[in-house]
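This report refers to the structure that appears directly beneath it.
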Amino acid sequence: MIVMIKNTHQSLRESISTQVQQELVDCTECNNCLTVCPVYDSSFSINELNTATQPDSEVPASIQRFTFACLQCGYCVPACPVHLHRDVMIQYLRYKLRLNKPWRYKRYLFIRGKPTSFLKKIMQQCFVWYKKMLYPKHARFMENTPTKAEVLFYPGCYVYSPKTMEKTIALLDHVGETYSVLGGVHHCCGMPHLLQGEFDQAEHCMNQVYQQIQRSNAHTVVTGCLECYQAVQLMFKQKNDPRRILTMVEYLMNHKHAFPTVRLDHPIALLPSCRYKDSSKAQEAAVAAVEQFSTCVHPDPKLNWCCRKWNHDVTHTNKAYHQQLLSAIGDQSKIVACDCLTCYETLNYLPSAVQVIELIDLFYNAIQGEKP
Ligand code: SF4
Ligand code: SF4
């Protein structure tokens with residue numbers, strides 16, 4: 001769930017801290033947020049959690065474990081009767097514990113964002129050099145400065161996902177509007193940092209990306225993954241920027257008449273992204289996209305469909321959960337489509353009877369004359 005920045009003169013860290021302190025005062029300790037939480041194990045009370053979330057208080061071991069096990073799925077937020085953001089409170093706890101965070105968390109940020117050490121700078125350069133050699137076709141989009149264009153496609157770090165890039169560029173070319181591309185680990189959206197409580201690094205990333213968006217002069221920004229989508233939403237909100245931000249699928253649906261009419265004879269389950277909670281428009285576009293090509297199987301709302309990327313599997317339970325999730329999907333459909341690239345890359349490693357596809361595959365296959 002997105003943070004609510006009210007004062008643009010404050011840093012991101014100060015804004016979140018202010019928000020969390022206020023929400024702790026407003027909390028009625030009804031416990032609803034923990035009741036719906038898929039990783040809460042009853043080893044502490046809501047009162048203990050709130051106390052630990054205060055800026056200067058100690059964080060007991062059980063709450064430390066919970067803090068890093070949290071999925072950042074945001075399922076707790078609509079459960080709150082007074083509209084508080086427990087997920088942001090957990091981000092704040094992660095900020096408090098950032099010097100003790102698990103290695104898996106640190107590893108994920110090692111290549112992305114601000115070069116905070118000489119070693120990180122060298123590693124980033126080696127990573128970029130290696131990837132440019134490996135994928136020369138898209139090298140011009142890696143760590144680039146975008147040219148001026150009406151539409152800016154922003155894949156961020158996913159510029160290094162070659163198959164997705166190949167499909168996306170083919171789709172953008174098929175639509176035919178002029179576009180430029182902004183991709184690379186130096187252009188990370190900052191959401192991975194924000195979700196880890198690294199607020200200063202997140203703000204640095206967002207400022208860097210925002211400068212590049214301004215430079216491109218684009219009136220529409222189209223994102224490859226839904227974390228980037230949420231990050232750009234936050235940037236625009238903070239800067240009062242009227243530019244449009246669309247998911248790739250929203251963008252394609254705006255141009256749906258450019259695609260051949262293809263109907264598939266099997267239903268497709270849509271994996272609802274946790275990031276939809278801030279945008280019903282993105283979710284509506286995703287459902288409409290599946291309906292454009294097939295019948296959309298709506299997920300059981302009682303299930304938490306989070307791909308669990310953002311606890312970096314510190315609990316070592318994500319694989320078993322993914323098997324369970326795909327098995328539950330398999331009862332309804334043999335294909336599950338992911339709108340969010342993070343969900344796709346997180347789920348697409350398991351041998352399964354259910355085929356995991358990207359939602360953009362439906363559009364890509366239509367122009368290639370293929371069926372999934
Ligand atoms: S974001 Fe998800 S995992 Fe984290 S506290 Fe809320 S419901 Fe639990
Ligand atoms: S649901 Fe809201 S009010 Fe209830 S304990 Fe959680 S944060 Fe507090």
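Ordering of the structure tokens sets the chain letters (A, B, ...); residue numbers start at 1 within each chain; ligands are numbered from 1 in the order shown.
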Query raised in the report: If you count only C-alpha atoms, which residues fall within 6 Å of region 334-350 of chain A, apart from same-chain ones fewer than 5 positions away, as a PyMOL selection string?
Result: chain A and resi 225-226+268-271+307+355-359
Go ahead and save the picked residues with N, CA and C atoms, as a compact mmCIF listing (two decimals), in the first residue's frame.
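Result file is selection-v2.txt:
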```txt
# COMPACT_ATOMS: atom_id res chain seq x y z
N CYS A 225 6.49 -3.24 -14.53
CA CYS A 225 6.07 -4.02 -13.37
C CYS A 225 5.24 -3.14 -12.45
N LEU A 226 4.47 -3.78 -11.59
CA LEU A 226 3.52 -2.99 -10.80
C LEU A 226 4.17 -2.31 -9.59
N ILE A 268 -8.75 -18.46 -18.39
CA ILE A 268 -7.45 -18.04 -17.84
C ILE A 268 -7.67 -17.39 -16.48
N ALA A 269 -6.90 -17.86 -15.49
CA ALA A 269 -6.98 -17.24 -14.16
C ALA A 269 -6.05 -16.03 -14.15
N LEU A 270 -6.52 -14.97 -13.54
CA LEU A 270 -5.70 -13.76 -13.43
C LEU A 270 -5.17 -13.69 -12.00
N LEU A 271 -3.86 -13.61 -11.86
CA LEU A 271 -3.28 -13.48 -10.52
C LEU A 271 -3.38 -12.02 -10.10
N CYS A 307 2.45 -13.14 -4.21
CA CYS A 307 3.53 -14.03 -4.68
C CYS A 307 4.64 -14.17 -3.64
N GLN A 355 0.28 -23.51 -16.28
CA GLN A 355 1.23 -22.69 -17.03
C GLN A 355 1.16 -21.24 -16.53
N VAL A 356 2.30 -20.70 -16.13
CA VAL A 356 2.33 -19.31 -15.65
C VAL A 356 2.75 -18.44 -16.83
N ILE A 357 1.93 -17.47 -17.19
CA ILE A 357 2.27 -16.58 -18.31
C ILE A 357 2.22 -15.13 -17.85
N GLU A 358 2.82 -14.27 -18.64
CA GLU A 358 2.64 -12.84 -18.42
C GLU A 358 1.37 -12.43 -19.14
N LEU A 359 0.65 -11.48 -18.57
CA LEU A 359 -0.59 -11.04 -19.21
C LEU A 359 -0.32 -10.46 -20.61
```
Env. residues ligand 2 / 12 Å / only C-alpha atoms and all ligand atoms / as a tab-separated table (two decimals) with C-alpha atoms, in the first residue's frame:
```tsv
chain	number	residue	atom	x	y	z
A	20	VAL	CA	3.29	6.13	11.41
A	21	GLN	CA	3.38	8.09	14.69
A	22	GLN	CA	-0.06	9.53	13.93
A	23	GLU	CA	-1.49	6.13	12.97
A	24	LEU	CA	-0.16	4.57	16.18
A	25	VAL	CA	-2.14	7.19	18.12
A	26	ASP	CA	-5.27	6.48	16.03
A	27	CYS	CA	-5.02	2.68	16.33
A	28	THR	CA	-7.87	1.22	18.38
A	29	GLU	CA	-5.96	-2.08	18.81
A	30	CYS	CA	-8.94	-4.02	17.45
A	31	ASN	CA	-6.47	-6.61	16.06
A	32	ASN	CA	-8.22	-6.90	12.67
A	33	CYS	CA	-4.98	-6.29	10.77
A	34	LEU	CA	-3.28	-9.23	12.49
A	35	THR	CA	-6.33	-11.48	12.15
A	36	VAL	CA	-6.15	-11.27	8.33
A	37	CYS	CA	-2.36	-11.35	8.16
A	45	SER	CA	-0.11	-8.93	20.87
A	46	ILE	CA	-1.18	-5.89	18.86
A	47	ASN	CA	-0.29	-3.75	21.86
A	48	GLU	CA	3.25	-5.17	21.88
A	49	LEU	CA	3.51	-4.57	18.13
A	50	ASN	CA	2.41	-0.96	18.48
A	51	THR	CA	4.83	-0.38	21.35
A	53	THR	CA	6.80	0.42	16.38
A	74	GLY	CA	-1.26	-4.92	2.12
A	75	TYR	CA	-4.08	-7.32	3.02
A	76	CYS	CA	-4.15	-5.75	6.47
A	77	VAL	CA	-5.08	-2.31	5.15
A	78	PRO	CA	-8.69	-2.81	3.98
A	79	ALA	CA	-9.26	-4.80	7.21
A	80	CYS	CA	-8.65	-1.71	9.33
A	81	PRO	CA	-11.88	-0.02	10.44
A	82	VAL	CA	-10.13	3.35	10.84
A	83	HIS	CA	-8.16	3.23	7.56
A	84	LEU	CA	-4.67	2.82	8.95
A	85	HIS	CA	-1.70	1.34	7.09
A	86	ARG	CA	-0.21	-1.55	9.04
A	87	ASP	CA	2.03	-2.39	6.06
A	88	VAL	CA	3.66	1.05	6.25
A	89	MET	CA	4.08	0.60	10.02
A	90	ILE	CA	5.99	-2.60	9.21
```
Query - Near-region 254-259 of chain A list (8 Å; only C-alpha atoms; drop same-chain fewer than 4 positions) as a PyMOL selection string - result: chain A and resi 174-175+250+363+366-367
Pull N, CA and C atoms from the residues just selected and write them as a PDB file, in the first residue's frame.
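Result saved to selection_22.pdb:
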```
ATOM      1  N   HIS A 174       4.249  -2.417 -32.361  1.00  0.00           N
ATOM      2  CA  HIS A 174       2.984  -2.753 -33.013  1.00  0.00           C
ATOM      3  C   HIS A 174       1.958  -1.626 -32.815  1.00  0.00           C
ATOM      4  N   VAL A 175       1.917  -1.063 -31.607  1.00  0.00           N
ATOM      5  CA  VAL A 175       0.975   0.050 -31.348  1.00  0.00           C
ATOM      6  C   VAL A 175       1.351   1.256 -32.219  1.00  0.00           C
ATOM      7  N   GLU A 250      -2.718  -1.702 -19.239  1.00  0.00           N
ATOM      8  CA  GLU A 250      -3.645  -0.568 -19.431  1.00  0.00           C
ATOM      9  C   GLU A 250      -3.356   0.115 -20.773  1.00  0.00           C
ATOM     10  N   PHE A 363      -1.433 -10.525 -25.730  1.00  0.00           N
ATOM     11  CA  PHE A 363      -1.334  -9.554 -26.825  1.00  0.00           C
ATOM     12  C   PHE A 363      -0.221  -9.967 -27.786  1.00  0.00           C
ATOM     13  N   ALA A 366      -1.151 -12.843 -29.888  1.00  0.00           N
ATOM     14  CA  ALA A 366      -2.154 -12.451 -30.901  1.00  0.00           C
ATOM     15  C   ALA A 366      -1.470 -11.870 -32.137  1.00  0.00           C
ATOM     16  N   ILE A 367      -0.415 -11.067 -31.926  1.00  0.00           N
ATOM     17  CA  ILE A 367       0.240 -10.501 -33.125  1.00  0.00           C
ATOM     18  C   ILE A 367       1.175 -11.517 -33.783  1.00  0.00           C
TER      19      ILE A 367
END
```
**Report entry** Counting only C-alpha atoms and all ligand atoms, the option among A:Asn304, A:Ser57, A:Gln64, A:Ser294 closest to ligand 1
**Finding:** A:Asn304
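Note that CA of Ala320 (chain A) and CA of Val297 (chain A) are 23.2 Å apart.
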**Report entry** Residue list (alpha helix (DSSP H), DSSP) for region 44-256 of chain A, as an MDAnalysis selection string
**Finding:** chainID A and resid 46:53 61:69 86:96 103:109 118:134 162:175 191:195 199:216 226:239 248:254
Shell of 10 Å around Tyr95 (chain A), only C-alpha atoms, local chain residues under 3 positions omitted, as a compact mmCIF listing (two decimals) with N, CA and C atoms, in the first residue's frame:
```
# COMPACT_ATOMS: atom_id res chain seq x y z
N ARG A 13 11.48 9.85 4.43
CA ARG A 13 11.65 9.24 5.77
C ARG A 13 10.83 9.99 6.82
N SER A 17 7.61 8.61 8.87
CA SER A 17 7.70 8.62 10.33
C SER A 17 6.51 9.38 10.93
N PRO A 55 9.28 5.04 17.86
CA PRO A 55 10.65 5.29 17.38
C PRO A 55 11.77 4.78 18.30
N MET A 89 3.50 0.70 8.66
CA MET A 89 4.08 0.60 10.02
C MET A 89 5.17 -0.47 10.03
N ILE A 90 4.96 -1.54 9.27
CA ILE A 90 5.99 -2.60 9.21
C ILE A 90 7.22 -2.09 8.44
N GLN A 91 6.98 -1.30 7.39
CA GLN A 91 8.13 -0.69 6.69
C GLN A 91 8.95 0.15 7.68
N TYR A 92 8.23 0.86 8.56
CA TYR A 92 8.93 1.69 9.54
C TYR A 92 9.73 0.82 10.53
N ARG A 98 17.04 -1.70 10.20
CA ARG A 98 17.74 -1.86 8.90
C ARG A 98 19.19 -2.33 9.05
N LEU A 99 19.81 -2.03 10.19
CA LEU A 99 21.20 -2.46 10.34
C LEU A 99 21.29 -3.96 10.64
N ASN A 100 20.16 -4.55 11.03
CA ASN A 100 20.15 -5.99 11.37
C ASN A 100 19.34 -6.81 10.38
N LYS A 101 19.11 -6.27 9.19
CA LYS A 101 18.22 -7.01 8.29
C LYS A 101 18.91 -8.25 7.72
N LEU A 194 12.01 0.96 -0.58
CA LEU A 194 10.93 1.42 0.29
C LEU A 194 10.34 0.24 1.08
N LEU A 195 10.11 -0.87 0.39
CA LEU A 195 9.49 -2.03 1.05
C LEU A 195 10.43 -2.64 2.09
N GLN A 196 11.72 -2.34 1.98
CA GLN A 196 12.68 -2.81 2.98
C GLN A 196 12.92 -1.79 4.09
N GLY A 197 12.25 -0.64 4.00
CA GLY A 197 12.46 0.40 5.02
C GLY A 197 13.71 1.23 4.77
N GLU A 198 14.29 1.13 3.59
CA GLU A 198 15.46 1.95 3.25
C GLU A 198 14.93 3.24 2.61
N PHE A 199 14.39 4.10 3.45
CA PHE A 199 13.63 5.24 2.94
C PHE A 199 14.51 6.25 2.20
N ASP A 200 15.72 6.50 2.71
CA ASP A 200 16.58 7.49 2.05
C ASP A 200 17.01 7.01 0.66
```
Query raised in the report: Looking at only C-alpha atoms, which of A:Ser117, A:Ser161, A:Gln324, A:Asn365 is the one that sits closest to Phe293 (chain A)?
Result: A:Asn365
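CA of Cys274 (chain A) is found 21.8 Å from CA of Phe153 (chain A).
For Val159 (chain A), the non-local neighbours within 9 Å, defined as residues at least 5 positions apart in the same chain or in other chains and counting only C-alpha atoms, are His138, Phe141, Met142, Glu143, Tyr154, Thr164, Met165, Leu182, Gly183, Gly184, Val185 and Gly224 of chain A.
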Residue selection dump (N, CA and C atoms) as a JSON list (two decimals), in the first residue's frame:
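Writing done, so here's selection_3.json:
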```json
[["chain", "number", "residue", "atom", "x", "y", "z"],
["A", 138, "HIS", "N", 19.19, -5.25, -26.69],
["A", 138, "HIS", "CA", 18.53, -4.23, -25.86],
["A", 138, "HIS", "C", 19.53, -3.36, -25.10],
["A", 141, "PHE", "N", 18.98, 0.31, -24.33],
["A", 141, "PHE", "CA", 17.99, 0.72, -23.32],
["A", 141, "PHE", "C", 18.52, 0.59, -21.89],
["A", 142, "MET", "N", 19.72, 0.03, -21.75],
["A", 142, "MET", "CA", 20.24, -0.26, -20.41],
["A", 142, "MET", "C", 21.01, 0.94, -19.87],
["A", 143, "GLU", "N", 20.57, 1.45, -18.74],
["A", 143, "GLU", "CA", 21.21, 2.59, -18.05],
["A", 143, "GLU", "C", 21.28, 3.81, -18.97],
["A", 154, "TYR", "N", 8.88, 2.54, -19.09],
["A", 154, "TYR", "CA", 9.81, 2.47, -17.96],
["A", 154, "TYR", "C", 9.86, 1.04, -17.40],
["A", 164, "THR", "N", 10.93, -10.70, -21.69],
["A", 164, "THR", "CA", 9.88, -9.70, -21.46],
["A", 164, "THR", "C", 10.17, -8.45, -22.29],
["A", 165, "MET", "N", 11.43, -8.04, -22.33],
["A", 165, "MET", "CA", 11.78, -6.85, -23.11],
["A", 165, "MET", "C", 11.48, -7.07, -24.59],
["A", 182, "LEU", "N", 13.32, 3.89, -20.50],
["A", 182, "LEU", "CA", 14.20, 4.18, -19.36],
["A", 182, "LEU", "C", 14.36, 2.90, -18.55],
["A", 183, "GLY", "N", 15.57, 2.34, -18.61],
["A", 183, "GLY", "CA", 15.76, 1.07, -17.90],
["A", 183, "GLY", "C", 17.14, 0.97, -17.28],
["A", 184, "GLY", "N", 17.22, 0.14, -16.23],
["A", 184, "GLY", "CA", 18.53, -0.13, -15.64],
["A", 184, "GLY", "C", 18.51, -0.11, -14.13],
["A", 185, "VAL", "N", 19.56, -0.66, -13.55],
["A", 185, "VAL", "CA", 19.62, -0.71, -12.08],
["A", 185, "VAL", "C", 19.87, 0.67, -11.47],
["A", 224, "GLY", "N", 6.62, -1.44, -16.66],
["A", 224, "GLY", "CA", 6.69, -2.88, -16.93],
["A", 224, "GLY", "C", 6.23, -3.70, -15.75]]
```
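Considering only C-alpha atoms, the residue among A:Pro299, A:Pro60, A:Pro162, A:Pro351 positioned nearest to His322 (chain A) is A:Pro351.
Atom to atom, CA of Ile245 (chain A) and CA of Ala139 (chain A) stand 24.8 Å apart.
Here the strand (DSSP E or B) residues in region 36-157 of chain A, by DSSP on the backbone, are Met142, Val151, Leu152, Phe153, Tyr154, Pro155 and Gly156 of chain A.
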Would you save the residues of that selection, restricted to C-alpha atoms, as a CSV table (one decimal), in the first residue's frame?
```
chain,number,residue,atom,x,y,z
A,142,MET,CA,20.2,-0.3,-20.4
A,151,VAL,CA,5.3,8.0,-24.3
A,152,LEU,CA,8.1,6.8,-21.9
A,153,PHE,CA,8.2,3.0,-21.4
A,154,TYR,CA,9.8,2.5,-18.0
A,155,PRO,CA,10.9,-1.1,-17.4
A,156,GLY,CA,13.4,-0.1,-14.6
```
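You can rank A:Gln124, A:Asn311, A:Ser280, A:Ser11 by their closest distance to ligand 1 using only C-alpha atoms and all ligand atoms, and at the top of that list sits A:Asn311.
In terms of minimum interatomic distance to Thr315 (chain A), A:Thr67 ranks closest within A:Thr18, A:Thr247, A:Thr67, A:Ser43, counting only C-alpha atoms.
In terms of minimum interatomic distance to Val128 (chain A), A:Tyr160 ranks closest within A:Tyr108, A:Tyr160, A:Trp103, A:Tyr364, counting only C-alpha atoms.
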Per residue of region 3-35 of chain A within 12 Å of region 202-221 of chain A, what are the shortest atom pair and its distance in Å to one decimal, counting only C-alpha atoms, with rows by chain and residue number, as CSV?
```
residue,atom,partner,partner_atom,distance
A:Gln10,CA,A:Glu203,CA,11.2
A:Ser11,CA,A:Glu203,CA,7.8
A:Leu12,CA,A:Glu203,CA,6.2
A:Arg13,CA,A:Glu203,CA,8.2
A:Glu14,CA,A:Glu203,CA,11.1
A:Ser15,CA,A:Glu203,CA,11.2
A:Ile16,CA,A:Glu203,CA,11.5
```
